[in-house]
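*Asks:* Input: one structure, supplied below.
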Amino acid sequence: MPYVNSAAPTELGTEKIGKLLKMYAVPGIIAQTAASLYNMVDSIYIGHIPGVGADAISGLAVTFPLMNLSAAMGTLVGVGGMTLISVLLGQKNYDSAKKVLSNVFALNLIIGILFSVVTLSFLDPILYFFGASDRTIFYAREYMRIILWGNVVTHLYFGFNGLIRSSGHPKTAMGLTLFTVISNAILDPILIFGFDMGIKGAAIATVACQLAALLYTFKFFSDKSRLLHFTKPVLQVDRRIAGQCFAIGVGPFLMNAASSVIAMMINQQLAKYGSDMAIGAYGIVNRVTTFFIMICMGFNQGLQPIAGYNYGARQYHRVKEVFIMTVKWEVLVTSLCFLVSMFIPRVAVGLFTNDAEMIDMASKGLRVMNICVAVVGFNIVAGNLFQCLGMVRTAIVLSLSRQLLCLLPFLYLLPLWLGVKGVWISFPVADLISTVMAAIFVVRLMRKFDRLKDGDDSSILGSAIK
């Protein structure tokens with residue numbers, strides 16, 4: 001795809017960066033915060049099921065690796081599609097953007113169905129491998145069976161929601177996410193307690209709400225008055241477009257796949273050196289931390305169309321400006337996570353359970369795990385910048401550095417000497433090392449941006465960085 005040096009026809013190339021980031025990030029922040037609450041609501045209700053709350057929370061935590069793996073398959077297509085559409089719109093290549101839309105539809109459909117078929121066929125062995133015990137397998141199985149039957153709905157919903165945002169409609173994307181959160185919060189107690197469906201009710205509510213939102217996205221992209229809409233054939237797989245989606249999406253795919261490996265390793269180590277209760281405690285700590293990380297992801301969503309469009313339009317100073325501004329905000333968010341973890345951990349984890357032992361265990365884990373969480377904000381923005389500029393190799397390195405290169409070895413080694421506490425300590429060690437690595441790559445990129453003038457051929461930049 002050659003870059004076209006032309007005046008940007010939209011606000012992405014002309015409006016002030018601060019105003020743009022507010023315009024695109026605020027809906028993303030609301031959407032991602034809502035998405036985080038979406039998962040938290042399930043955990044909160046499940047954790048208060050009479051008589052089984054603690055075990056159910058532990059069973060839910062066992063599903064995290066499989067959920068991350070499912071998300072990885074979705075991002076393989078979705079992130080690549082969002083990036084391509086942002087750049088193509090910046091180039092005013094609207095016909096190709098429409099083809100990307102149809103390809104994202106077809107690829108998500110194929111991958112979603114295949115993933116469900118394979119995982120449902122071996123569900124119990126997979127869950128045991130991910131840390132389930134005879135005590136928690138029932139709850140993990142009940143939840144994941146429903147989630148996997150609706151997996152293709154989840155893939156299509158999140159994929160299309162991202163494309164709605166990338167095509168210049170962040171408020172619509174935010175509205176859809178808010179709808180799923182609010183409707184899920186209403187359905188959860190009705191199905192879990194009213195119909196006495198337990199953890200299965202939480203899963204049904206999740207899939208049902210996503211299905212309703214997905215139907216709206218079909219209507220949205222069927223409107224031919226919109227710049228980005230379905231064209232015949234609606235379902236098509238173009239090898240070139242698919243290859244580009246996979247090439248760009250491989251970074252976040254590997255990041256989510258690595259998250260699955262890490263979650264599996266954490267569960268196995270906590271089961272080995274601790275108990276089912278320790279796995280449940282990590283599940284709670286993960287939910288609390290993820291709430292703040294998802295806010296950062298909202299800022300990333302604001303960064304993505306702005307950086308992608310201006311990179312496509314060869315306005316490099318604007319790419320640098322939006323990156324620096326996003327870093328400041330995300331570090332502020334992760335610093336708030338640090339303060340909550342250090343000063344009010346029992347209040348945070350107490351939302352999820354009344355079990356005194358689990359509250360105590362999760363509170364201590366939250367403090368240790370997030371000692372260095374403040375620096376994670378920079379790390380998140382750095383990886384996203386390279387990803388949305390299509391600098392695949394660097395994005396992959398940064399995506400894997402914290403989890404596989406840093407966290408995984410410490411998860412294995414530290415518990416040998418420190419037991420369960422070694423699992424928690426592994427996180428701040430990995431945070432520091434991976435942030436230093438990210439800083440090295442970012443400094444190199446910023447220096448190259450400084451040497452480029454707007455309108456210069458970006459292949460000069462890409463050949464040195466990719």
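All residue names refer to the structure tokens as shown: chains lettered A, B, ... in order, residues numbered from 1 in each chain, ligands numbered from 1 in order.
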Applying 8 Å and only C-alpha atoms, which residues near Gly90 (chain A) remain after dropping the ones on its own chain fewer than 5 positions away? List them as a PyMOL selection string.
*Replies:* chain A and resi 8+308-310+312-313
*Asks:* I want to know what sits within 10 Å of Ser275 (chain A), based on only C-alpha atoms, with residues of the same chain fewer than 6 positions away left out; could you give that as a compact mmCIF listing (two decimals) with C-alpha atoms, in the first residue's frame?
*Replies:*
# COMPACT_ATOMS: atom_id res chain seq x y z
CA SER A 58 -11.59 -19.79 41.94
CA SER A 133 -9.09 -28.99 40.62
CA ASN A 267 -2.64 -20.82 38.25
CA GLN A 268 -0.34 -23.83 38.21
CA GLN A 269 2.21 -22.18 40.53
CA ALA A 281 -7.28 -14.45 45.23
CA VAL A 420 3.41 -18.20 46.90
*Asks:* Please compute the CA of Tyr143 (chain A)-CA of Tyr273 (chain A) distance, one decimal, in Å.
*Replies:*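 Those two atoms sit 25.8 Å apart.
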*Asks:* Give me the residues near region 397-404 of chain A as a VMD selection string, where near means some atom within 10 Å (using only C-alpha atoms) and where sequence neighbours in that chain fewer than 5 positions away do not count.
*Replies:* chain A and resid 250 to 262 376 379 to 380 382 to 384 386 to 387 392 409 to 411 427 429 to 435 437 to 438 441
*Asks:* Keeping N, CA and C atoms, export the residues of the selection given above as a compact mmCIF listing (two decimals), in the first residue's frame.
*Replies:*
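Output file result_4.txt is given in full below:
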# COMPACT_ATOMS: atom_id res chain seq x y z
N VAL A 250 -0.48 -9.78 14.55
CA VAL A 250 0.30 -10.84 15.20
C VAL A 250 0.90 -10.36 16.53
N GLY A 251 1.21 -9.07 16.62
CA GLY A 251 1.77 -8.54 17.86
C GLY A 251 0.79 -8.67 19.02
N PRO A 252 -0.41 -8.05 18.91
CA PRO A 252 -1.39 -8.21 19.98
C PRO A 252 -1.86 -9.65 20.16
N PHE A 253 -1.87 -10.42 19.05
CA PHE A 253 -2.21 -11.85 19.18
C PHE A 253 -1.22 -12.56 20.11
N LEU A 254 0.05 -12.33 19.85
CA LEU A 254 1.07 -12.96 20.67
C LEU A 254 1.01 -12.46 22.11
N MET A 255 0.66 -11.17 22.28
CA MET A 255 0.55 -10.61 23.61
C MET A 255 -0.56 -11.31 24.39
N ASN A 256 -1.71 -11.50 23.74
CA ASN A 256 -2.82 -12.18 24.40
C ASN A 256 -2.55 -13.66 24.58
N ALA A 257 -1.89 -14.27 23.59
CA ALA A 257 -1.51 -15.68 23.72
C ALA A 257 -0.53 -15.85 24.88
N ALA A 258 0.40 -14.89 24.98
CA ALA A 258 1.36 -14.92 26.08
C ALA A 258 0.62 -14.74 27.41
N SER A 259 -0.42 -13.88 27.41
CA SER A 259 -1.22 -13.70 28.62
C SER A 259 -1.87 -15.01 29.04
N SER A 260 -2.27 -15.79 28.04
CA SER A 260 -2.86 -17.09 28.33
C SER A 260 -1.83 -18.02 28.97
N VAL A 261 -0.63 -18.02 28.41
CA VAL A 261 0.45 -18.85 28.98
C VAL A 261 0.78 -18.40 30.39
N ILE A 262 0.85 -17.08 30.58
CA ILE A 262 1.16 -16.54 31.90
C ILE A 262 0.07 -16.88 32.91
N VAL A 376 3.89 0.92 34.27
CA VAL A 376 3.26 0.11 33.23
C VAL A 376 2.54 0.98 32.20
N ASN A 379 4.72 1.61 29.31
CA ASN A 379 4.92 0.37 28.57
C ASN A 379 3.75 0.07 27.64
N ILE A 380 2.54 0.31 28.12
CA ILE A 380 1.34 0.03 27.33
C ILE A 380 1.28 0.93 26.10
N ALA A 382 3.76 2.48 24.59
CA ALA A 382 4.87 2.19 23.69
C ALA A 382 4.52 1.04 22.75
N GLY A 383 4.02 -0.05 23.32
CA GLY A 383 3.66 -1.20 22.48
C GLY A 383 2.57 -0.86 21.50
N ASN A 384 1.60 -0.06 21.93
CA ASN A 384 0.49 0.29 21.05
C ASN A 384 0.93 1.21 19.92
N PHE A 386 3.86 1.32 18.22
CA PHE A 386 4.47 0.54 17.14
C PHE A 386 3.44 -0.31 16.43
N GLN A 387 2.47 -0.81 17.18
CA GLN A 387 1.43 -1.64 16.59
C GLN A 387 0.58 -0.84 15.61
N VAL A 392 5.67 -4.04 12.81
CA VAL A 392 5.27 -5.32 13.38
C VAL A 392 6.34 -5.94 14.27
N PRO A 409 9.99 -16.41 33.31
CA PRO A 409 11.10 -17.01 34.06
C PRO A 409 11.03 -16.77 35.56
N PHE A 410 10.61 -15.56 35.95
CA PHE A 410 10.53 -15.25 37.38
C PHE A 410 9.39 -16.02 38.05
N LEU A 411 8.30 -16.24 37.30
CA LEU A 411 7.20 -17.03 37.85
C LEU A 411 7.64 -18.45 38.18
N PHE A 427 5.75 -10.00 39.33
CA PHE A 427 5.13 -8.94 38.54
C PHE A 427 5.91 -7.62 38.57
N VAL A 429 9.01 -7.07 39.25
CA VAL A 429 10.33 -7.28 38.61
C VAL A 429 10.19 -7.20 37.10
N ALA A 430 9.19 -7.90 36.56
CA ALA A 430 8.96 -7.89 35.11
C ALA A 430 8.57 -6.49 34.62
N ASP A 431 7.77 -5.76 35.41
CA ASP A 431 7.36 -4.41 35.02
C ASP A 431 8.57 -3.50 34.81
N LEU A 432 9.52 -3.54 35.72
CA LEU A 432 10.69 -2.67 35.63
C LEU A 432 11.56 -3.01 34.43
N ILE A 433 11.85 -4.28 34.24
CA ILE A 433 12.73 -4.70 33.15
C ILE A 433 12.11 -4.38 31.80
N SER A 434 10.82 -4.71 31.62
CA SER A 434 10.18 -4.50 30.32
C SER A 434 10.01 -3.02 30.00
N THR A 435 9.84 -2.19 31.01
CA THR A 435 9.71 -0.75 30.77
C THR A 435 11.03 -0.16 30.27
N MET A 437 13.22 -1.78 28.49
CA MET A 437 13.31 -2.23 27.10
C MET A 437 12.45 -1.36 26.19
N ALA A 438 11.22 -1.07 26.63
CA ALA A 438 10.32 -0.24 25.82
C ALA A 438 10.89 1.16 25.62
N PHE A 441 13.46 1.37 22.73
CA PHE A 441 12.85 1.40 21.39
C PHE A 441 12.17 2.73 21.11
*Asks:* Within 12 Å of Ala271 (chain A), counting only C-alpha atoms, which residues show up once you throw out same-chain ones fewer than 4 positions away? Write them as a list in words, please.
*Replies:*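 So the residues in contact are Ser58, Ala61, Val62, Tyr128, Phe129, Phe130, Gly131, Ala132, Ser133, Thr136, Met264, Met265, Ile266, Asn267, Ser275, Asp276, Met277, Ala278, Ile279, Gly280, Ala281, Tyr282, Pro415, Gly419, Val420 and Val423 of chain A.
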*Asks:* Give me, as CSV, each residue of region 229-342 of chain A that comes within 12 Å of region 173-185 of chain A, together with its shortest interatomic pair and the distance in Å at one decimal, counting only C-alpha atoms, with rows ordered by chain and rising residue number.
*Replies:*
residue,atom,partner,partner_atom,distance
A:Gly298,CA,A:Met174,CA,10.1
A:Gln301,CA,A:Ala173,CA,10.8
A:Gly302,CA,A:Met174,CA,11.8
*Asks:* Which residues come within 8 Å of Ile425 (chain A), counting only C-alpha atoms, excluding same-chain residues fewer than 5 positions away, as a PDB file with N, CA and C atoms, in the first residue's frame?
*Replies:*
ATOM      1  N   VAL A 368       1.762  -6.416  46.823  1.00  0.00           N
ATOM      2  CA  VAL A 368       3.062  -6.857  46.289  1.00  0.00           C
ATOM      3  C   VAL A 368       3.084  -6.775  44.756  1.00  0.00           C
ATOM      4  N   MET A 369       2.022  -7.257  44.127  1.00  0.00           N
ATOM      5  CA  MET A 369       1.971  -7.317  42.673  1.00  0.00           C
ATOM      6  C   MET A 369       2.094  -5.939  42.025  1.00  0.00           C
ATOM      7  N   LEU A 414      11.223 -17.678  41.200  1.00  0.00           N
ATOM      8  CA  LEU A 414      11.034 -17.073  42.520  1.00  0.00           C
ATOM      9  C   LEU A 414      10.233 -17.938  43.497  1.00  0.00           C
TER      10      LEU A 414
END
*Asks:* Looking at A:Ala140, A:Leu270, A:Leu303, A:Met342, which one is nearest to Leu66 (chain A), with distances taken over only C-alpha atoms?
*Replies:*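 So, comparing all the options, the nearest one is A:Ala140.
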*Asks:* Give me the residues near Ile111 (chain A) as a ChimeraX atom specification, where near means some atom within 8 Å (using only C-alpha atoms) and where sequence neighbours in that chain fewer than 6 positions away do not count.
*Replies:* /A:73-74,152
*Asks:* Taking the DSSP assignment computed from this structure's backbone, write out as a ChimeraX atom specification all residues of region 43-245 of chain A that belong to helix (DSSP H, G or I).
*Replies:* /A:43-47,53-62,64-90,94-121,123-129,137-149,151-166,170-194,199-222,239-245
*Asks:* Let's have the selection written as a compact mmCIF listing (two decimals), in the first residue's frame, with C-alpha atoms.
*Replies:*
# COMPACT_ATOMS: atom_id res chain seq x y z
CA SER A 43 -17.09 -11.78 39.28
CA ILE A 44 -18.89 -9.75 41.95
CA TYR A 45 -22.18 -11.60 41.51
CA ILE A 46 -20.48 -14.99 41.23
CA GLY A 47 -18.41 -14.30 44.34
CA GLY A 53 -18.87 -17.98 46.27
CA ALA A 54 -15.18 -18.60 47.04
CA ASP A 55 -15.04 -21.83 45.02
CA ALA A 56 -16.94 -20.23 42.13
CA ILE A 57 -14.48 -17.30 42.08
CA SER A 58 -11.59 -19.79 41.94
CA GLY A 59 -13.34 -21.69 39.13
CA LEU A 60 -13.80 -18.44 37.21
CA ALA A 61 -10.11 -17.61 37.67
CA VAL A 62 -9.21 -20.97 36.09
CA PHE A 64 -8.72 -16.76 32.44
CA PRO A 65 -6.09 -18.53 30.28
CA LEU A 66 -8.75 -19.84 27.91
CA MET A 67 -10.49 -16.45 27.79
CA ASN A 68 -7.15 -14.79 26.97
CA LEU A 69 -6.54 -17.33 24.22
CA SER A 70 -9.94 -16.58 22.74
CA ALA A 71 -9.17 -12.85 22.87
CA ALA A 72 -5.86 -13.54 21.15
CA MET A 73 -7.62 -15.16 18.22
CA GLY A 74 -9.94 -12.18 17.96
CA THR A 75 -7.16 -9.58 18.01
CA LEU A 76 -5.29 -11.46 15.27
CA VAL A 77 -7.92 -10.11 12.87
CA GLY A 78 -9.51 -7.19 14.70
CA VAL A 79 -6.44 -5.10 15.49
CA GLY A 80 -5.02 -5.54 12.01
CA GLY A 81 -8.36 -4.51 10.50
CA MET A 82 -8.58 -1.38 12.68
CA THR A 83 -5.06 -0.32 11.78
CA LEU A 84 -5.53 -0.90 8.04
CA ILE A 85 -8.78 1.04 7.97
CA SER A 86 -7.28 4.00 9.85
CA VAL A 87 -4.33 4.20 7.44
CA LEU A 88 -6.51 3.65 4.34
CA LEU A 89 -8.88 6.42 5.39
CA GLY A 90 -5.85 8.66 5.88
CA TYR A 94 -12.14 4.13 0.63
CA ASP A 95 -12.73 1.13 -1.64
CA SER A 96 -9.92 -0.81 0.00
CA ALA A 97 -11.26 0.11 3.44
CA LYS A 98 -14.60 -1.48 2.51
CA LYS A 99 -12.82 -4.64 1.40
CA VAL A 100 -11.05 -4.79 4.76
CA LEU A 101 -14.45 -4.64 6.49
CA SER A 102 -15.73 -7.66 4.57
CA ASN A 103 -12.53 -9.59 5.22
CA VAL A 104 -12.68 -8.89 8.96
CA PHE A 105 -16.23 -10.28 8.94
CA ALA A 106 -15.27 -13.48 7.15
CA LEU A 107 -12.04 -14.11 9.05
CA ASN A 108 -13.61 -13.56 12.48
CA LEU A 109 -16.45 -15.91 11.55
CA ILE A 110 -14.06 -18.67 10.49
CA ILE A 111 -11.68 -18.29 13.43
CA GLY A 112 -14.47 -17.96 16.00
CA ILE A 113 -16.18 -21.18 14.89
CA LEU A 114 -12.96 -23.19 14.66
CA PHE A 115 -11.84 -22.08 18.12
CA SER A 116 -15.15 -23.09 19.67
CA VAL A 117 -15.19 -26.52 18.01
CA VAL A 118 -11.66 -27.37 19.13
CA THR A 119 -11.90 -26.12 22.71
CA LEU A 120 -15.35 -27.57 23.41
CA SER A 121 -14.09 -30.96 22.24
CA LEU A 123 -12.77 -28.62 27.51
CA ASP A 124 -12.19 -30.62 30.71
CA PRO A 125 -8.55 -31.54 29.93
CA ILE A 126 -7.86 -27.92 28.99
CA LEU A 127 -9.34 -26.60 32.24
CA TYR A 128 -7.43 -29.12 34.37
CA PHE A 129 -4.25 -28.12 32.53
CA ILE A 137 -13.80 -27.83 37.64
CA PHE A 138 -17.61 -27.79 37.82
CA TYR A 139 -17.79 -23.99 37.98
CA ALA A 140 -15.14 -23.48 35.30
CA ARG A 141 -16.87 -25.95 32.96
CA GLU A 142 -20.35 -24.51 33.48
CA TYR A 143 -19.13 -21.00 32.65
CA MET A 144 -16.91 -21.81 29.67
CA ARG A 145 -19.37 -24.08 27.88
CA ILE A 146 -21.77 -21.17 27.40
CA ILE A 147 -19.00 -18.68 26.61
CA LEU A 148 -17.51 -20.97 23.96
CA TRP A 149 -20.86 -21.65 22.31
CA ASN A 151 -17.49 -17.36 21.01
CA VAL A 152 -18.17 -16.39 17.38
CA VAL A 153 -20.59 -13.71 18.63
CA THR A 154 -17.89 -12.31 20.90
CA HIS A 155 -15.29 -12.24 18.10
CA LEU A 156 -17.60 -10.48 15.66
CA TYR A 157 -18.93 -8.01 18.22
CA PHE A 158 -15.52 -6.83 19.44
CA GLY A 159 -14.10 -6.84 15.89
CA PHE A 160 -16.89 -4.68 14.49
CA ASN A 161 -16.95 -2.42 17.52
CA GLY A 162 -13.28 -1.61 16.91
CA LEU A 163 -13.95 -0.89 13.24
CA ILE A 164 -16.80 1.47 14.14
CA ARG A 165 -14.37 3.41 16.32
CA SER A 166 -11.60 3.41 13.70
CA PRO A 170 -16.05 6.51 18.75
CA LYS A 171 -19.26 7.57 20.51
CA THR A 172 -21.24 4.84 18.75
CA ALA A 173 -18.65 2.26 19.76
CA MET A 174 -18.80 3.56 23.32
CA GLY A 175 -22.58 3.42 23.34
CA LEU A 176 -22.58 -0.22 22.28
CA THR A 177 -20.16 -1.12 25.06
CA LEU A 178 -22.23 0.75 27.64
CA PHE A 179 -25.31 -1.09 26.44
CA THR A 180 -23.68 -4.49 26.95
CA VAL A 181 -22.46 -3.51 30.42
CA ILE A 182 -25.76 -2.12 31.66
CA SER A 183 -27.83 -4.94 30.20
CA ASN A 184 -25.40 -7.51 31.61
CA ALA A 185 -25.60 -5.93 35.08
CA ILE A 186 -29.41 -6.24 34.89
CA LEU A 187 -29.48 -9.79 33.50
CA ASP A 188 -26.81 -11.22 35.82
CA PRO A 189 -28.75 -11.15 39.10
CA ILE A 190 -31.96 -12.21 37.35
CA LEU A 191 -30.37 -15.33 35.87
CA ILE A 192 -27.87 -16.10 38.67
CA PHE A 193 -30.22 -15.63 41.64
CA GLY A 194 -33.74 -15.18 40.25
CA ILE A 199 -22.40 -19.30 37.30
CA LYS A 200 -24.09 -20.55 34.11
CA GLY A 201 -26.49 -17.60 34.31
CA ALA A 202 -23.56 -15.15 34.26
CA ALA A 203 -22.25 -16.72 31.05
CA ILE A 204 -25.68 -16.67 29.36
CA ALA A 205 -26.11 -13.00 30.25
CA THR A 206 -22.71 -12.19 28.76
CA VAL A 207 -23.38 -13.86 25.41
CA ALA A 208 -26.97 -12.55 25.15
CA CYS A 209 -25.90 -8.93 25.64
CA GLN A 210 -23.08 -9.23 23.09
CA LEU A 211 -25.48 -10.77 20.56
CA ALA A 212 -27.86 -7.83 20.88
CA ALA A 213 -24.99 -5.38 20.35
CA LEU A 214 -23.69 -7.40 17.38
CA LEU A 215 -27.06 -7.17 15.63
CA TYR A 216 -26.81 -3.37 15.82
CA THR A 217 -23.31 -3.41 14.30
CA PHE A 218 -24.69 -5.35 11.33
CA LYS A 219 -27.30 -2.65 10.87
CA PHE A 220 -24.64 0.06 11.24
CA PHE A 221 -22.39 -1.33 8.50
CA SER A 222 -25.35 -2.12 6.22
CA ARG A 239 -5.24 -13.20 0.67
CA ARG A 240 -3.42 -9.87 0.52
CA ILE A 241 -5.76 -8.15 2.99
CA ALA A 242 -5.86 -11.20 5.26
CA GLY A 243 -2.07 -11.33 5.22
CA GLN A 244 -1.81 -7.66 6.15
CA CYS A 245 -4.36 -8.07 8.97
*Asks:* Counting only C-alpha atoms, give me one row per residue of region 328-416 of chain A with an atom at most 12 Å from an atom of region 34-41 of chain A, showing the shortest contact pair and its distance in Å to one decimal, sorted by chain then residue number, as a Markdown table.
*Replies:*
| residue | atom | partner | partner_atom | distance |
| --- | --- | --- | --- | --- |
| A:Ala348 | CA | A:Met40 | CA | 11.5 |
| A:Val349 | CA | A:Met40 | CA | 11.1 |
| A:Leu351 | CA | A:Met40 | CA | 9.4 |
| A:Phe352 | CA | A:Met40 | CA | 8.2 |
| A:Thr353 | CA | A:Met40 | CA | 11.8 |
*Asks:* What's around Phe299 (chain A) at 8 Å? Count only C-alpha atoms, leave out sequence neighbours fewer than 6 positions away in its own chain, and write the answer as an NGL selection string.
*Replies:* :A and (21 or 25-26 or 28-29 or 326 or 329-330)
*Asks:* Just to be explicit: take each residue in the selection above, keep N, CA and C atoms, and write the result as a PDB file, in the first residue's frame.
*Replies:*
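Written output follows (again27.pdb):
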ATOM      1  N   LEU A  21      -7.455  13.876  20.986  1.00  0.00           N
ATOM      2  CA  LEU A  21      -7.273  12.801  21.955  1.00  0.00           C
ATOM      3  C   LEU A  21      -8.464  12.764  22.920  1.00  0.00           C
ATOM      4  N   ALA A  25     -10.387   9.541  22.800  1.00  0.00           N
ATOM      5  CA  ALA A  25     -10.008   8.736  23.966  1.00  0.00           C
ATOM      6  C   ALA A  25     -11.125   8.644  24.992  1.00  0.00           C
ATOM      7  N   VAL A  26     -11.853   9.735  25.209  1.00  0.00           N
ATOM      8  CA  VAL A  26     -12.896   9.704  26.237  1.00  0.00           C
ATOM      9  C   VAL A  26     -13.940   8.621  25.954  1.00  0.00           C
ATOM     10  N   GLY A  28     -13.416   5.974  24.250  1.00  0.00           N
ATOM     11  CA  GLY A  28     -12.681   4.726  24.429  1.00  0.00           C
ATOM     12  C   GLY A  28     -12.493   4.381  25.891  1.00  0.00           C
ATOM     13  N   ILE A  29     -12.198   5.402  26.702  1.00  0.00           N
ATOM     14  CA  ILE A  29     -12.020   5.184  28.140  1.00  0.00           C
ATOM     15  C   ILE A  29     -13.327   4.705  28.767  1.00  0.00           C
ATOM     16  N   THR A 326      -0.395  10.944  25.331  1.00  0.00           N
ATOM     17  CA  THR A 326      -1.031   9.725  25.824  1.00  0.00           C
ATOM     18  C   THR A 326      -0.229   9.101  26.952  1.00  0.00           C
ATOM     19  N   TRP A 329      -1.028  10.737  30.346  1.00  0.00           N
ATOM     20  CA  TRP A 329      -2.309  10.349  30.922  1.00  0.00           C
ATOM     21  C   TRP A 329      -2.288   8.914  31.439  1.00  0.00           C
ATOM     22  N   GLU A 330      -1.663   8.018  30.689  1.00  0.00           N
ATOM     23  CA  GLU A 330      -1.676   6.611  31.110  1.00  0.00           C
ATOM     24  C   GLU A 330      -0.812   6.372  32.349  1.00  0.00           C
TER      25      GLU A 330
END
